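A quick write-up on the structure given underneath.
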Amino acid sequence: MNKSTGRDLTSGSPMKLILDFTLPLLLGLLFQQFYNMVDTIVVGQYLGVNALAGVGSTGSISFLVIGFVIGVCSGFAIPVAQKFGSKDFDALRKCVGNTIWIVIFFSAVLTTATCLLCSNILTLMHTPDEVFSEAYNYIFVIFLGIPVTFLYNTLSGFIRSLGDSKTPVIFLVISSLLNIVLDIFMIVALKMGVAGAGWATVISQLVSGILCLVYIGKRFDILRPRKEDLKPNAHYIGRLCASGLPMGLQYSITAIGSILLQSAVNTLGPTYMASMTTGSKVGQFMCCPLDALGTAMATYGGQNVGAGKVERLNKGLRDCLILGIAYSIIAFLIAFLLGDKLAMLFINKNDVESAADIPLILNLARQFLITNAAFYIALAFVNIVRFLIQGMGFSQIAVYAGLFELIARAIVGVLLVPKFGYDAACFASPLAWILADFFLIPAYFACHSRVKRQFEKHSAIS
């Protein structure tokens, strides 16, 4: 990789390229999940159950807001990948320059709104009085750090769009290790409570964002906008928003569906709540490879559409699906054979009323995990096809697919859980994935045909 270019995904074996791109992403996702565990342990051990519950109660709203930020930033990287694929570096720099203005605007609006409404949001979520202050002190700091979240995710997205998936992972590892150190320092030494955990997260992410900025300055000339590239341009701003906003909304819509389902499970009692939470934690680890494959396909699709190599899209999709299906089968076998043992590693005894409940919780968590893992092939199609469509430039499709998932989880949460209980909750995500696939698979072929016609028309004119 020289100082002006990145890694070209428009030539060579699609499977090899996708594997090479995916593995660093997977390591980063796994490490991030591991860090989240350690972060929880630090808060629980040093600040107690109420602090842990307060931080935990903000998870859904954090996913709603921060997930939107991550989705938007991923969308901003798509036009950059397309311009890199077409080798139109002047337009690429203009995309980067106009992204800066959009990020500044979104950061200011989101930070101001969430910080001012923080107390109201927690009240609407029926946050218990005994943990309200802990929840507020933590999530307020996280909301203050929204500009930092934009900084890291925008820059790391740019780096990945040029085919470099390794460097953002290195910075993520550095950030996560720093976060753990700062957690202990601010909570134990400075006695800052849960706010200290929040500041540790913000500061460590700021460091990773700065590292990305320095790296871009040294390695990627094409990502450094010139003075004329920083002039706001309505065409580029519109293109970037059309790519970023739908992806951000897709994350938020998914979060709303999860909140509705969790609210329904909460009515079943603490044992079922703990079982689903434990099963979900294991599932988050097991789904990391499918998440990484999806992210890889966004960059692959963007570069190849930019290069006009439409014929490589189907090849990449086929090879990526082979990898996703193979992993899904292995994951199901692991869940079936080791589901209860894996759940034991993730169970939070603070969520359990008595030790006698643990065997039941483990069995219920295993049930949740096996039911979901049996449909991981459907999830593989959702992640791979959806991100490929987004990379091709049809980000609005993500919103429609997300709506199908929301509808499925809402139906299960509102109608089926009250009638069939925990068994219905276990099938919520599989139903969501299947409904999304019914929409996404035909949508991909429609998008592929449209892109193919566009390039054929362009070639005829040329």
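Letters A, B, ... mark the chains of the structure tokens in the order given; residue numbers begin at 1 per chain; ligand numbers begin at 1, in order shown.
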
### Message
Env of Phe171 of chain A: 10 Å cut, atoms = only C-alpha atoms, seq-sep filter 6 positions within chain, self excluded. Answer as a PyMOL selection string.
### Response
chain A and resi 28+152+156+177+204-205+207-212

Go ahead and write the residues just picked, C-alpha atoms, as a PDB file, in the first residue's frame.
ATOM      1  CA  GLY A  28     -11.960  -6.295  15.834  1.00  0.00           C
ATOM      2  CA  TYR A 152     -13.684   7.672  14.694  1.00  0.00           C
ATOM      3  CA  SER A 156     -12.271   4.367   9.996  1.00  0.00           C
ATOM      4  CA  LEU A 177      -7.085  -1.417  26.087  1.00  0.00           C
ATOM      5  CA  SER A 204     -10.304   6.317  24.367  1.00  0.00           C
ATOM      6  CA  GLN A 205     -12.472   6.745  21.270  1.00  0.00           C
ATOM      7  CA  VAL A 207      -7.555   8.711  20.816  1.00  0.00           C
ATOM      8  CA  SER A 208      -8.562   6.161  18.170  1.00  0.00           C
ATOM      9  CA  GLY A 209     -10.088   8.936  16.053  1.00  0.00           C
ATOM     10  CA  ILE A 210      -6.882  10.983  16.269  1.00  0.00           C
ATOM     11  CA  LEU A 211      -4.843   7.900  15.325  1.00  0.00           C
ATOM     12  CA  CYS A 212      -7.048   7.449  12.243  1.00  0.00           C
TER      13      CYS A 212
END

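The protein and nucleic acid residues lying at most 9 Å from Ile18 of chain A are Leu9, Ser13, Leu23, Leu293, Ala296, Met297, Tyr300, Gly316, Asp319 and Cys320 of chain A, with only C-alpha atoms considered and sequence neighbours fewer than 5 positions away removed.
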
Keeping C-alpha atoms for every residue in the selection just given, could you write it to a file as a short mmCIF file (atom, residue, chain, number, x, y, z; two decimals), in the first residue's frame?
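Result file selection08.cif:
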data_model
loop_
_atom_site.label_atom_id
_atom_site.label_comp_id
_atom_site.auth_asym_id
_atom_site.auth_seq_id
_atom_site.Cartn_x
_atom_site.Cartn_y
_atom_site.Cartn_z
CA LEU A 9 -11.05 -5.14 -4.54
CA SER A 13 -10.47 -13.92 -6.57
CA LEU A 23 -10.64 -11.54 9.06
CA LEU A 293 -18.89 -10.51 6.13
CA ALA A 296 -16.76 -6.52 3.78
CA MET A 297 -19.47 -6.73 1.12
CA TYR A 300 -16.56 -4.82 -2.18
CA GLY A 316 -18.67 -11.87 -4.81
CA ASP A 319 -18.51 -16.62 -2.61
CA CYS A 320 -19.51 -14.59 0.43
#

### Task
Quick one: everything within 7 Å of Ala398 of chain A, counting only C-alpha atoms, minus sequence neighbours fewer than 2 positions away in the same chain. Send it as number ranges by chain.
A: 246-247, 250, 386, 395-396, 400-402

Restricting the output to N, CA and C atoms, write the selected residues as a CSV table (one decimal), in the first residue's frame.
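Output (again_9.csv):
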chain,number,residue,atom,x,y,z
A,246,PRO,N,-30.2,6.6,5.3
A,246,PRO,CA,-30.9,5.3,5.4
A,246,PRO,C,-30.2,4.3,6.2
A,247,MET,N,-28.9,4.2,6.1
A,247,MET,CA,-28.2,3.2,6.9
A,247,MET,C,-28.3,3.5,8.4
A,250,GLN,N,-31.7,2.5,9.5
A,250,GLN,CA,-31.8,1.1,9.6
A,250,GLN,C,-31.4,0.6,10.9
A,386,ARG,N,-27.9,-7.3,2.2
A,386,ARG,CA,-28.2,-5.9,2.5
A,386,ARG,C,-27.0,-5.0,2.4
A,395,SER,N,-28.8,2.6,-0.6
A,395,SER,CA,-28.9,2.5,0.9
A,395,SER,C,-30.3,2.6,1.4
A,396,GLN,N,-31.2,3.2,0.6
A,396,GLN,CA,-32.6,3.3,1.1
A,396,GLN,C,-33.3,1.9,1.3
A,400,TYR,N,-36.1,-0.2,4.3
A,400,TYR,CA,-37.3,-1.1,4.1
A,400,TYR,C,-37.0,-2.4,4.7
A,401,ALA,N,-35.8,-3.0,4.6
A,401,ALA,CA,-35.5,-4.2,5.2
A,401,ALA,C,-35.6,-4.1,6.7
A,402,GLY,N,-35.1,-3.0,7.3
A,402,GLY,CA,-35.2,-2.8,8.7
A,402,GLY,C,-36.7,-2.7,9.2

#### Entry: Residue neighbourhood Gly44 of chain A, 10 Å, only C-alpha atoms, exclusion window fewer than 4 positions, as JSON, numbers by chain
{"A": [38, 39, 40, 48, 49, 50, 51, 52, 53, 55, 348, 350]}

With only C-alpha atoms as the counted atoms, please give the residues lying no more than 9 Å from Thr295 of chain A, apart from itself and same-chain residues fewer than 2 positions off, as a compact mmCIF listing (two decimals) with N, CA, C and O atoms, in the first residue's frame.
# COMPACT_ATOMS: atom_id res chain seq x y z
N THR A 22 -12.24 -9.61 5.57
CA THR A 22 -13.15 -9.94 6.67
C THR A 22 -12.41 -10.30 7.96
O THR A 22 -12.85 -9.91 9.05
N LEU A 25 -11.64 -7.52 10.35
CA LEU A 25 -12.90 -7.00 10.88
C LEU A 25 -13.44 -7.91 11.97
O LEU A 25 -13.91 -7.45 13.02
N SER A 74 -21.05 4.72 8.20
CA SER A 74 -20.84 3.63 7.24
C SER A 74 -21.38 4.02 5.88
O SER A 74 -20.77 3.71 4.84
N LEU A 290 -20.66 -13.09 10.79
CA LEU A 290 -21.66 -12.68 9.81
C LEU A 290 -21.71 -11.16 9.69
O LEU A 290 -21.92 -10.62 8.60
N ASP A 291 -21.50 -10.46 10.81
CA ASP A 291 -21.42 -8.99 10.76
C ASP A 291 -20.21 -8.54 9.95
O ASP A 291 -20.29 -7.60 9.16
N ALA A 292 -19.08 -9.24 10.14
CA ALA A 292 -17.86 -8.88 9.43
C ALA A 292 -18.02 -9.13 7.92
O ALA A 292 -17.56 -8.32 7.10
N LEU A 293 -18.66 -10.23 7.55
CA LEU A 293 -18.89 -10.51 6.13
C LEU A 293 -19.75 -9.42 5.50
O LEU A 293 -19.50 -8.99 4.37
N MET A 297 -18.74 -6.81 2.38
CA MET A 297 -19.47 -6.73 1.12
C MET A 297 -19.85 -5.30 0.76
O MET A 297 -20.03 -4.98 -0.42
N ALA A 298 -20.00 -4.44 1.74
CA ALA A 298 -20.30 -3.03 1.44
C ALA A 298 -19.16 -2.40 0.67
O ALA A 298 -19.36 -1.72 -0.35
N THR A 299 -17.93 -2.62 1.15
CA THR A 299 -16.76 -2.07 0.45
C THR A 299 -16.56 -2.75 -0.90
O THR A 299 -16.26 -2.10 -1.91
N TYR A 300 -16.71 -4.07 -0.93
CA TYR A 300 -16.56 -4.82 -2.18
C TYR A 300 -17.56 -4.32 -3.23
O TYR A 300 -17.19 -4.06 -4.38
N ASN A 383 -27.40 -10.02 6.24
CA ASN A 383 -26.21 -9.17 6.36
C ASN A 383 -25.49 -9.01 5.03
O ASN A 383 -25.12 -7.89 4.63
N ILE A 384 -25.25 -10.10 4.34
CA ILE A 384 -24.45 -10.06 3.11
C ILE A 384 -25.18 -9.33 2.00
O ILE A 384 -24.62 -8.45 1.34
N PHE A 387 -25.83 -5.41 2.89
CA PHE A 387 -24.65 -4.55 2.79
C PHE A 387 -24.14 -4.45 1.35
O PHE A 387 -23.60 -3.42 0.96
N LEU A 388 -24.30 -5.52 0.58
CA LEU A 388 -23.91 -5.45 -0.83
C LEU A 388 -24.79 -4.44 -1.57
O LEU A 388 -24.30 -3.63 -2.36

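The smallest atom-to-atom distance between Ser175 of chain A and any of A:Ile322, A:Leu206, A:Ala255, A:Leu190, using only C-alpha atoms, is found for A:Leu206.
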
Would you tabulate, counting only C-alpha atoms, all residues of segment 305-345 of chain A that have an atom at most 12 Å from an atom of segment 277-285 of chain A, showing the closest pair of atoms and their distance in Å to one decimal, sorted by chain then ascending number, as a Markdown table?
| residue | atom | partner | partner_atom | distance |
| --- | --- | --- | --- | --- |
| A:Ser328 | CA | A:Gly283 | CA | 12.0 |
| A:Ala331 | CA | A:Gly283 | CA | 9.8 |
| A:Phe332 | CA | A:Gly283 | CA | 10.8 |
| A:Ile334 | CA | A:Val282 | CA | 11.3 |
| A:Ala335 | CA | A:Gly283 | CA | 9.2 |
| A:Leu338 | CA | A:Val282 | CA | 11.0 |
| A:Gly339 | CA | A:Val282 | CA | 8.6 |
| A:Asp340 | CA | A:Gly279 | CA | 9.2 |
| A:Lys341 | CA | A:Val282 | CA | 10.3 |
| A:Leu342 | CA | A:Val282 | CA | 6.8 |
| A:Ala343 | CA | A:Thr278 | CA | 6.1 |
| A:Met344 | CA | A:Thr278 | CA | 8.4 |
| A:Leu345 | CA | A:Val282 | CA | 8.6 |

### Residue with smallest distance to Phe68 of chain A - pool A:Phe89, A:Leu260, A:Leu245, A:Ile170, counting only C-alpha atoms
A:Leu245

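Between atom CA of Val80 of chain A and atom CA of Leu92 of chain A there is a distance of 5.5 Å.
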
### Summary
Between atom CA of Asn266 of chain A and atom CA of Leu110 of chain A lies a distance of 29.2 Å
